[in-house]
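*Asks:* Just one file: entry-v4.pdb, with PDB, C-alpha atoms and all ligand atoms.
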```pdb
ATOM      1  CA  MET A   1      23.191   8.982   0.757
ATOM      2  CA  ARG A   2      20.886  11.943   0.675
ATOM      3  CA  ILE A   3      17.780  11.621   2.790
ATOM      4  CA  THR A   4      14.691  13.763   2.286
ATOM      5  CA  THR A   5      11.717  13.477   4.602
ATOM      6  CA  VAL A   6       8.341  14.705   3.422
ATOM      7  CA  SER A   7       4.982  14.871   5.139
ATOM      8  CA  SER A   8       3.012  12.054   3.521
ATOM      9  CA  ALA A   9       3.178   8.960   1.349
ATOM     10  CA  ASN A  10       1.689  10.988  -1.487
ATOM     11  CA  GLU A  11       4.437  13.589  -1.148
ATOM     12  CA  VAL A  12       7.022  10.793  -1.416
ATOM     13  CA  GLY A  13       5.555   9.954  -4.796
ATOM     14  CA  VAL A  14       5.274  13.546  -5.976
ATOM     15  CA  LEU A  15       8.898  14.338  -5.153
ATOM     16  CA  ALA A  16      10.081  11.057  -6.693
ATOM     17  CA  ALA A  17       8.188  11.869  -9.890
ATOM     18  CA  GLN A  18       9.792  15.315 -10.029
ATOM     19  CA  ILE A  19      13.231  13.718  -9.795
ATOM     20  CA  VAL A  20      12.433  11.128 -12.466
ATOM     21  CA  ALA A  21      11.005  13.868 -14.703
ATOM     22  CA  ALA A  22      14.085  16.052 -14.215
ATOM     23  CA  ASP A  23      16.302  13.121 -15.218
ATOM     24  CA  ILE A  24      14.179  12.515 -18.333
ATOM     25  CA  HIS A  25      14.461  16.200 -19.260
ATOM     26  CA  ARG A  26      18.225  16.059 -18.745
ATOM     27  CA  LYS A  27      18.610  12.825 -20.709
ATOM     28  CA  PRO A  28      15.537  12.142 -22.878
ATOM     29  CA  ASP A  29      16.823   8.668 -23.809
ATOM     30  CA  CYS A  30      17.477   7.644 -20.218
ATOM     31  CA  VAL A  31      17.054   4.082 -18.974
ATOM     32  CA  LEU A  32      14.754   3.694 -15.988
ATOM     33  CA  GLY A  33      14.560   0.730 -13.627
ATOM     34  CA  LEU A  34      11.086   0.599 -12.145
ATOM     35  CA  ALA A  35       9.843  -0.814  -8.858
ATOM     36  CA  THR A  36       6.318  -1.979  -8.162
ATOM     37  CA  GLY A  37       4.308  -2.327  -4.926
ATOM     38  CA  GLU A  38       2.183   0.132  -3.032
ATOM     39  CA  THR A  39       4.818   2.785  -2.327
ATOM     40  CA  PRO A  40       5.593   3.970  -5.893
ATOM     41  CA  GLN A  41       1.952   4.208  -6.963
ATOM     42  CA  ALA A  42       1.829   7.912  -6.090
ATOM     43  CA  MET A  43       5.003   8.450  -8.147
ATOM     44  CA  TYR A  44       3.401   6.831 -11.191
ATOM     45  CA  ARG A  45       0.238   8.909 -10.712
ATOM     46  CA  GLU A  46       2.319  12.075 -10.709
ATOM     47  CA  LEU A  47       4.400  10.982 -13.717
ATOM     48  CA  VAL A  48       1.185  10.376 -15.666
ATOM     49  CA  ARG A  49      -0.061  13.828 -14.607
ATOM     50  CA  LEU A  50       3.218  15.423 -15.701
ATOM     51  CA  HIS A  51       2.925  13.644 -19.044
ATOM     52  CA  ARG A  52      -0.654  14.835 -19.565
ATOM     53  CA  GLU A  53      -0.409  18.325 -18.170
ATOM     54  CA  ALA A  54       3.220  19.367 -18.455
ATOM     55  CA  GLY A  55       4.362  17.652 -21.647
ATOM     56  CA  LEU A  56       6.729  15.130 -20.025
ATOM     57  CA  SER A  57       7.659  12.812 -22.888
ATOM     58  CA  PHE A  58       8.673   9.154 -22.546
ATOM     59  CA  GLN A  59       9.221   8.841 -26.308
ATOM     60  CA  ARG A  60      12.921   8.008 -26.003
ATOM     61  CA  VAL A  61      12.920   6.500 -22.508
ATOM     62  CA  THR A  62      13.611   2.799 -21.955
ATOM     63  CA  ALA A  63      12.053   1.096 -18.929
ATOM     64  CA  PHE A  64      13.066  -2.101 -17.146
ATOM     65  CA  ALA A  65      10.965  -3.870 -14.538
ATOM     66  CA  LEU A  66      12.871  -4.557 -11.348
ATOM     67  CA  ASP A  67      11.398  -7.994 -10.772
ATOM     68  CA  GLU A  68       8.575 -10.403 -11.592
ATOM     69  CA  TYR A  69       6.800 -13.329  -9.987
ATOM     70  CA  ILE A  70       7.356 -16.745 -11.461
ATOM     71  CA  GLY A  71       4.178 -18.403 -12.686
ATOM     72  CA  LEU A  72       2.046 -15.309 -13.313
ATOM     73  CA  ALA A  73       1.062 -14.425 -16.872
ATOM     74  CA  PRO A  74       1.551 -10.799 -17.956
ATOM     75  CA  ASP A  75      -2.219 -10.250 -17.916
ATOM     76  CA  ASN A  76      -2.553 -11.525 -14.339
ATOM     77  CA  PRO A  77      -3.454  -8.446 -12.242
ATOM     78  CA  ASN A  78      -0.799  -9.426  -9.679
ATOM     79  CA  SER A  79       2.024  -9.668 -12.191
ATOM     80  CA  TYR A  80       4.430  -6.779 -12.253
ATOM     81  CA  SER A  81       4.083  -6.546 -16.024
ATOM     82  CA  HIS A  82       0.403  -5.859 -15.493
ATOM     83  CA  TYR A  83       1.180  -3.412 -12.691
ATOM     84  CA  LEU A  84       3.577  -1.337 -14.784
ATOM     85  CA  HIS A  85       1.176  -1.230 -17.726
ATOM     86  CA  THR A  86      -1.699  -0.268 -15.431
ATOM     87  CA  HIS A  87       0.111   2.413 -13.453
ATOM     88  CA  LEU A  88       2.364   3.908 -16.134
ATOM     89  CA  PHE A  89       2.903   2.430 -19.560
ATOM     90  CA  ARG A  90      -0.641   2.602 -20.908
ATOM     91  CA  HIS A  91      -0.959   6.260 -19.877
ATOM     92  CA  VAL A  92       2.236   7.687 -21.375
ATOM     93  CA  ASN A  93       3.982   7.764 -24.764
ATOM     94  CA  LEU A  94       6.600   5.133 -23.959
ATOM     95  CA  PRO A  95       7.028   3.048 -27.147
ATOM     96  CA  ALA A  96       6.213  -0.649 -26.663
ATOM     97  CA  SER A  97       9.647  -1.508 -28.072
ATOM     98  CA  ASN A  98      11.245   0.359 -25.140
ATOM     99  CA  ILE A  99       9.375  -1.630 -22.475
ATOM    100  CA  CYS A 100      11.532  -4.380 -21.013
ATOM    101  CA  LEU A 101       9.810  -6.942 -18.819
ATOM    102  CA  ILE A 102      10.667 -10.275 -17.265
ATOM    103  CA  ASP A 103       8.719 -13.286 -18.526
ATOM    104  CA  GLY A 104       7.301 -14.905 -15.398
ATOM    105  CA  LEU A 105       6.167 -17.862 -17.498
ATOM    106  CA  ALA A 106       9.561 -18.573 -19.050
ATOM    107  CA  ARG A 107      10.133 -22.320 -19.331
ATOM    108  CA  ASP A 108      13.852 -21.936 -18.809
ATOM    109  CA  VAL A 109      14.339 -19.506 -15.919
ATOM    110  CA  ALA A 110      18.137 -19.439 -16.192
ATOM    111  CA  LEU A 111      17.866 -18.536 -19.871
ATOM    112  CA  GLU A 112      15.333 -15.794 -19.073
ATOM    113  CA  CYS A 113      17.703 -14.355 -16.442
ATOM    114  CA  ASP A 114      20.536 -14.335 -18.978
ATOM    115  CA  ARG A 115      18.315 -12.742 -21.620
ATOM    116  CA  TYR A 116      17.279  -9.930 -19.258
ATOM    117  CA  GLU A 117      20.849  -9.353 -18.090
ATOM    118  CA  GLN A 118      21.858  -9.043 -21.739
ATOM    119  CA  GLN A 119      18.969  -6.688 -22.496
ATOM    120  CA  ILE A 120      20.081  -4.353 -19.688
ATOM    121  CA  ALA A 121      23.652  -4.418 -21.004
ATOM    122  CA  GLU A 122      22.484  -3.678 -24.557
ATOM    123  CA  ALA A 123      20.535  -0.670 -23.264
ATOM    124  CA  GLY A 124      23.770   0.664 -21.798
ATOM    125  CA  GLY A 125      22.824  -0.053 -18.171
ATOM    126  CA  ILE A 126      20.274   1.619 -15.945
ATOM    127  CA  ASP A 127      20.539   5.369 -15.400
ATOM    128  CA  LEU A 128      17.986   5.720 -12.629
ATOM    129  CA  GLN A 129      16.776   2.810 -10.519
ATOM    130  CA  VAL A 130      13.652   3.360  -8.421
ATOM    131  CA  LEU A 131      13.373   1.064  -5.404
ATOM    132  CA  GLY A 132      11.029   0.346  -2.539
ATOM    133  CA  ILE A 133      12.125  -1.481   0.577
ATOM    134  CA  GLY A 134      10.587  -4.582   2.119
ATOM    135  CA  GLN A 135       9.851  -5.026   5.796
ATOM    136  CA  ASN A 136      12.762  -7.465   5.834
ATOM    137  CA  GLY A 137      15.074  -4.923   4.181
ATOM    138  CA  HIS A 138      14.823  -6.401   0.699
ATOM    139  CA  ILE A 139      15.310  -4.331  -2.454
ATOM    140  CA  GLY A 140      13.726  -5.745  -5.566
ATOM    141  CA  PHE A 141      13.298  -9.366  -4.505
ATOM    142  CA  ASN A 142      16.799  -9.568  -3.087
ATOM    143  CA  GLU A 143      15.875 -11.241   0.166
ATOM    144  CA  PRO A 144      18.063 -11.390   3.287
ATOM    145  CA  ALA A 145      20.871 -13.781   2.412
ATOM    146  CA  MET A 146      24.413 -14.843   3.174
ATOM    147  CA  SER A 147      25.985 -12.908   0.312
ATOM    148  CA  PHE A 148      25.423  -9.999  -2.119
ATOM    149  CA  ALA A 149      26.308  -9.298  -5.650
ATOM    150  CA  ARG A 150      24.418 -11.482  -8.027
ATOM    151  CA  GLY A 151      22.996 -10.454 -11.347
ATOM    152  CA  VAL A 152      19.475 -11.217 -12.562
ATOM    153  CA  HIS A 153      18.516 -14.370 -10.716
ATOM    154  CA  LEU A 154      15.850 -16.745  -9.469
ATOM    155  CA  VAL A 155      14.721 -15.991  -5.920
ATOM    156  CA  GLU A 156      12.849 -18.071  -3.405
ATOM    157  CA  LEU A 157      10.653 -15.516  -1.683
ATOM    158  CA  ASP A 158      11.060 -14.969   2.026
ATOM    159  CA  ALA A 159       8.115 -15.827   4.302
ATOM    160  CA  VAL A 160       7.998 -12.149   5.398
ATOM    161  CA  THR A 161       7.695 -11.003   1.777
ATOM    162  CA  ARG A 162       4.987 -13.531   0.935
ATOM    163  CA  ALA A 163       2.993 -12.605   4.026
ATOM    164  CA  ASP A 164       3.385  -8.893   3.296
ATOM    165  CA  ASN A 165       2.380  -9.245  -0.354
ATOM    166  CA  ALA A 166      -0.569 -11.509   0.499
ATOM    167  CA  ARG A 167      -2.633  -8.307   0.813
ATOM    168  CA  PHE A 168      -2.679  -8.102  -2.987
ATOM    169  CA  PHE A 169      -3.885 -11.720  -3.387
ATOM    170  CA  ALA A 170      -7.063 -13.540  -2.322
ATOM    171  CA  HIS A 171      -5.056 -15.791   0.009
ATOM    172  CA  LEU A 172      -1.462 -16.336   1.143
ATOM    173  CA  THR A 173      -1.373 -19.679  -0.699
ATOM    174  CA  GLU A 174      -1.809 -17.783  -3.996
ATOM    175  CA  VAL A 175       1.337 -15.703  -3.511
ATOM    176  CA  PRO A 176       4.019 -17.182  -5.765
ATOM    177  CA  ARG A 177       6.962 -18.823  -4.044
ATOM    178  CA  TYR A 178       9.537 -17.766  -6.611
ATOM    179  CA  ALA A 179      10.445 -14.681  -8.577
ATOM    180  CA  ILE A 180      13.093 -13.340 -10.922
ATOM    181  CA  SER A 181      14.807 -10.182  -9.717
ATOM    182  CA  LEU A 182      17.543  -7.830 -10.708
ATOM    183  CA  GLY A 183      20.381  -8.682  -8.374
ATOM    184  CA  ILE A 184      22.357  -6.440  -6.064
ATOM    185  CA  LYS A 185      25.050  -6.265  -8.726
ATOM    186  CA  ASN A 186      22.555  -4.832 -11.247
ATOM    187  CA  ILE A 187      21.130  -2.374  -8.723
ATOM    188  CA  LEU A 188      24.552  -1.098  -7.686
ATOM    189  CA  ALA A 189      25.456  -0.699 -11.369
ATOM    190  CA  ALA A 190      22.659   1.877 -11.807
ATOM    191  CA  LYS A 191      24.104   5.366 -12.083
ATOM    192  CA  LYS A 192      21.564   6.788  -9.639
ATOM    193  CA  ILE A 193      19.207   5.179  -7.144
ATOM    194  CA  LEU A 194      16.007   6.535  -5.679
ATOM    195  CA  LEU A 195      14.645   4.577  -2.721
ATOM    196  CA  LEU A 196      11.116   5.360  -1.568
ATOM    197  CA  ALA A 197       9.596   4.355   1.745
ATOM    198  CA  SER A 198       6.433   5.301   3.536
ATOM    199  CA  GLY A 199       4.584   4.027   6.569
ATOM    200  CA  GLN A 200       5.468   2.850  10.051
ATOM    201  CA  SER A 201       6.238  -0.692   8.868
ATOM    202  CA  LYS A 202       9.259   0.658   6.977
ATOM    203  CA  CYS A 203      10.919   2.614   9.792
ATOM    204  CA  ALA A 204      12.898  -0.359  11.138
ATOM    205  CA  PRO A 205      14.241  -1.566   7.779
ATOM    206  CA  VAL A 206      15.026   2.021   6.750
ATOM    207  CA  TYR A 207      16.933   2.557   9.993
ATOM    208  CA  GLN A 208      18.871  -0.698   9.580
ATOM    209  CA  ALA A 209      19.632   0.077   5.942
ATOM    210  CA  ILE A 210      21.012   3.530   6.690
ATOM    211  CA  ARG A 211      22.467   3.320  10.169
ATOM    212  CA  GLY A 212      23.267  -0.389  10.456
ATOM    213  CA  ALA A 213      26.167  -2.419   9.168
ATOM    214  CA  VAL A 214      26.384  -3.238   5.476
ATOM    215  CA  THR A 215      25.252  -6.834   5.463
ATOM    216  CA  PRO A 216      23.395  -9.151   3.089
ATOM    217  CA  ARG A 217      21.073  -9.875   6.031
ATOM    218  CA  VAL A 218      19.696  -6.368   5.308
ATOM    219  CA  PRO A 219      19.984  -6.165   1.513
ATOM    220  CA  ALA A 220      19.178  -2.421   1.353
ATOM    221  CA  SER A 221      22.225  -1.680   3.519
ATOM    222  CA  VAL A 222      24.351  -2.271   0.424
ATOM    223  CA  LEU A 223      23.128   1.093  -0.848
ATOM    224  CA  GLN A 224      25.552   2.698   1.618
ATOM    225  CA  ASP A 225      28.252   1.667  -0.885
ATOM    226  CA  HIS A 226      26.645   3.463  -3.857
ATOM    227  CA  PRO A 227      27.810   7.016  -4.666
ATOM    228  CA  ASP A 228      24.441   8.449  -5.748
ATOM    229  CA  VAL A 229      21.518   7.309  -3.618
ATOM    230  CA  MET A 230      18.591   9.449  -2.596
ATOM    231  CA  LEU A 231      16.045   8.272  -0.046
ATOM    232  CA  ILE A 232      12.629   9.869   0.030
ATOM    233  CA  LEU A 233      10.764   9.018   3.207
ATOM    234  CA  ASP A 234       7.547  10.053   4.826
ATOM    235  CA  GLN A 235       7.649  10.912   8.507
ATOM    236  CA  ASP A 236       6.544   7.440   9.614
ATOM    237  CA  ALA A 237       9.298   5.704   7.642
ATOM    238  CA  ALA A 238      11.838   8.191   9.017
ATOM    239  CA  ASP A 239      10.632   7.721  12.592
ATOM    240  CA  LEU A 240      13.791   6.030  13.950
ATOM    241  CA  LEU A 241      16.349   8.196  12.182
TER     242      LEU A 241
HETATM  243  P1  LIG B   1       5.465  -1.917  -0.914
HETATM  244  O1  LIG B   1       6.640  -2.914  -1.282
HETATM  245  O2  LIG B   1       5.751  -0.644  -1.618
HETATM  246  O3  LIG B   1       4.225  -2.590  -1.432
HETATM  247  O4  LIG B   1       5.465  -1.763   0.571
HETATM  248  C1  LIG B   1       7.950  -2.466  -1.199
HETATM  249  C2  LIG B   1       8.897  -3.615  -1.459
HETATM  250  O5  LIG B   1       8.617  -4.735  -1.048
HETATM  251  O6  LIG B   1       9.953  -3.379  -2.076
END
```
Will you turn the file into structure tokens for me?
Ligand code: PGA
*Replies:*
Amino acid sequence: MRITTVSSANEVGVLAAQIVAADIHRKPDCVLGLATGETPQAMYRELVRLHREAGLSFQRVTAFALDEYIGLAPDNPNSYSHYLHTHLFRHVNLPASNICLIDGLARDVALECDRYEQQIAEAGGIDLQVLGIGQNGHIGFNEPAMSFARGVHLVELDAVTRADNARFFAHLTEVPRYAISLGIKNILAAKKILLLASGQSKCAPVYQAIRGAVTPRVPASVLQDHPDVMLILDQDAADLL
């Protein structure tokens, strides 16, 4: 694991965007796995700026969402489909046919998981997976559990995650109880992983993920087993290291 500490949450995003952009330059048809949440917003802002001002082209890029709530339509402002369109897709030249999203309204969730798993395989796997980290150590919506290593799957969201994400909703009761997420197996299969964390609330999970034992109780700890992981932290998130 390579760990880089920068001075602010915005700098986390700027550096992450530079790394994503460098990978796109190196491999213009690369496959990106994209996280949502508050942390990567600065990265998307910078990617949009690089597209507008420095000619960064997404023409041949393919993008996969990391996860999605069950029960939210793609036009619901809290859906991750909506998030990715709002923060990135609608501002860059990524062809619609290269945008791969999870259907949170799928009638048959198991079938939707299989379809998405297949879509990732057909794209040749993910080259660069961008991740955040939850206060409970989750990556994607892989919540603390008894075991690792599942593919795209249905998740019952942890109480910590629902409480944390309630800030995006009018009330905790509106936060969906279930989601579909790439599994640990999919994340570890990415050729390169970029984990972003900022803020004091992330210093404990970051510490546990990096310095603690590899355990499914701290899902991010599994990244210790991946050969190409880079963590970009602000000083608050790196506080315990
Ligand atoms: P956040 O979410 O960036 O909104 O803190 C991170 C995560 O839960 O993975």
*Asks:* Using all atoms listed in the file, find each residue with an atom at most 9 Å away from ligand LIG 1 (chain B) and format the answer as a list of chain:residue names.
*Replies:*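 Based on all atoms listed in the file, ligand LIG 1 (chain B) is surrounded within 9 Å by A:Ala35, A:Thr36, A:Gly37, A:Glu38, A:Thr39, A:Pro40, A:Gln41, A:Leu131, A:Gly132, A:Ile133, A:Gly134, A:Gln135, A:Asn136, A:Gly137, A:His138, A:Ile139, A:Gly140, A:Phe141, A:Thr161, A:Asp164, A:Asn165, A:Phe168, A:Leu196, A:Ala197, A:Ser198, A:Gly199, A:Ser201, A:Lys202.
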*Asks:* If you measure from atom CA of Ala110 of chain A to atom CA of Ser147 of chain A, what distance in Å do you get, rounded to one decimal?
*Replies:*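 Calculated distance between atom CA of Ala110 of chain A and atom CA of Ser147 of chain A is 19.4 Å.
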*Asks:* Near Ile102 of chain A, counting only C-alpha atoms, which residues have an atom at most 7 Å away, once you skip same-chain residues fewer than 5 positions from it, shown as a ChimeraX atom specification?
*Replies:* /A:65,67-68,116
*Asks:* For atom CA of His51 of chain A and atom CA of Leu182 of chain A, quote the distance in Å rounded to one decimal.
*Replies:*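 A separation of 27.3 Å between them.
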*Asks:* Pick out the closest residue to Leu66 of chain A from this set: A:Ala121, A:Ile184, A:Val160, A:Ile3. Count all atoms listed in the file.
*Replies:*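 With all atoms listed in the file as the atom set, the closest residue is A:Ile184.
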*Asks:* When distances are computed from only C-alpha atoms, which of A:Val206, A:Val218, A:Asp127, A:Val155 shows the smallest separation from Gln235 of chain A?
*Replies:* A:Val206
*Asks:* A:Ser181, A:Ser57, A:Asn142, A:Gln129: which is nearest Val222 of chain A, counting only C-alpha atoms?
*Replies:*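 Among A:Ser181, A:Ser57, A:Asn142, A:Gln129, it is A:Asn142 that comes nearest to Val222 of chain A.
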*Asks:* Work out how far apart atom CA of Lys27 of chain A and atom CA of Thr4 of chain A are and give it in Å to one decimal.
*Replies:*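 Interatomic distance, atom CA of Lys27 of chain A to atom CA of Thr4 of chain A: 23.3 Å.
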*Asks:* Check which residues satisfy the PyMOL selection byres (((chain A and resi 210) around 10) and not hetatm) in the file shown, then give them as a ChimeraX atom specification.
*Replies:* /A:1,3,205-209,211-214,220-224,231,241
*Asks:* For the PyMOL selection byres (((chain A and resi 152) around 8) and not hetatm), applied here, can you spell out every residue it catches as a ChimeraX atom specification?
*Replies:* /A:113-114,116-117,150-151,153-154,180-183,186
*Asks:* Scan for residues within 7 Å of the point (2.3, -15.7, 2.7) in the coordinates of the file, using all atoms listed in the file, and reply as a PyMOL selection string.
*Replies:* chain A and resi 159+162-164+166+172-173+175
*Asks:* Could you list, as a list in words, every residue within 12 Å of Ala123 of chain A, counting all atoms listed in the file and ignoring same-chain residues fewer than 5 positions away?
*Replies:*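 In the requested format, the answer is Asp29, Cys30, Val31, Leu32, Gly33, Arg60, Val61, Thr62, Ala63, Phe64, Ser97, Asn98, Ile99, Cys100, Tyr116, Glu117, Gln118 and Ala190 of chain A.
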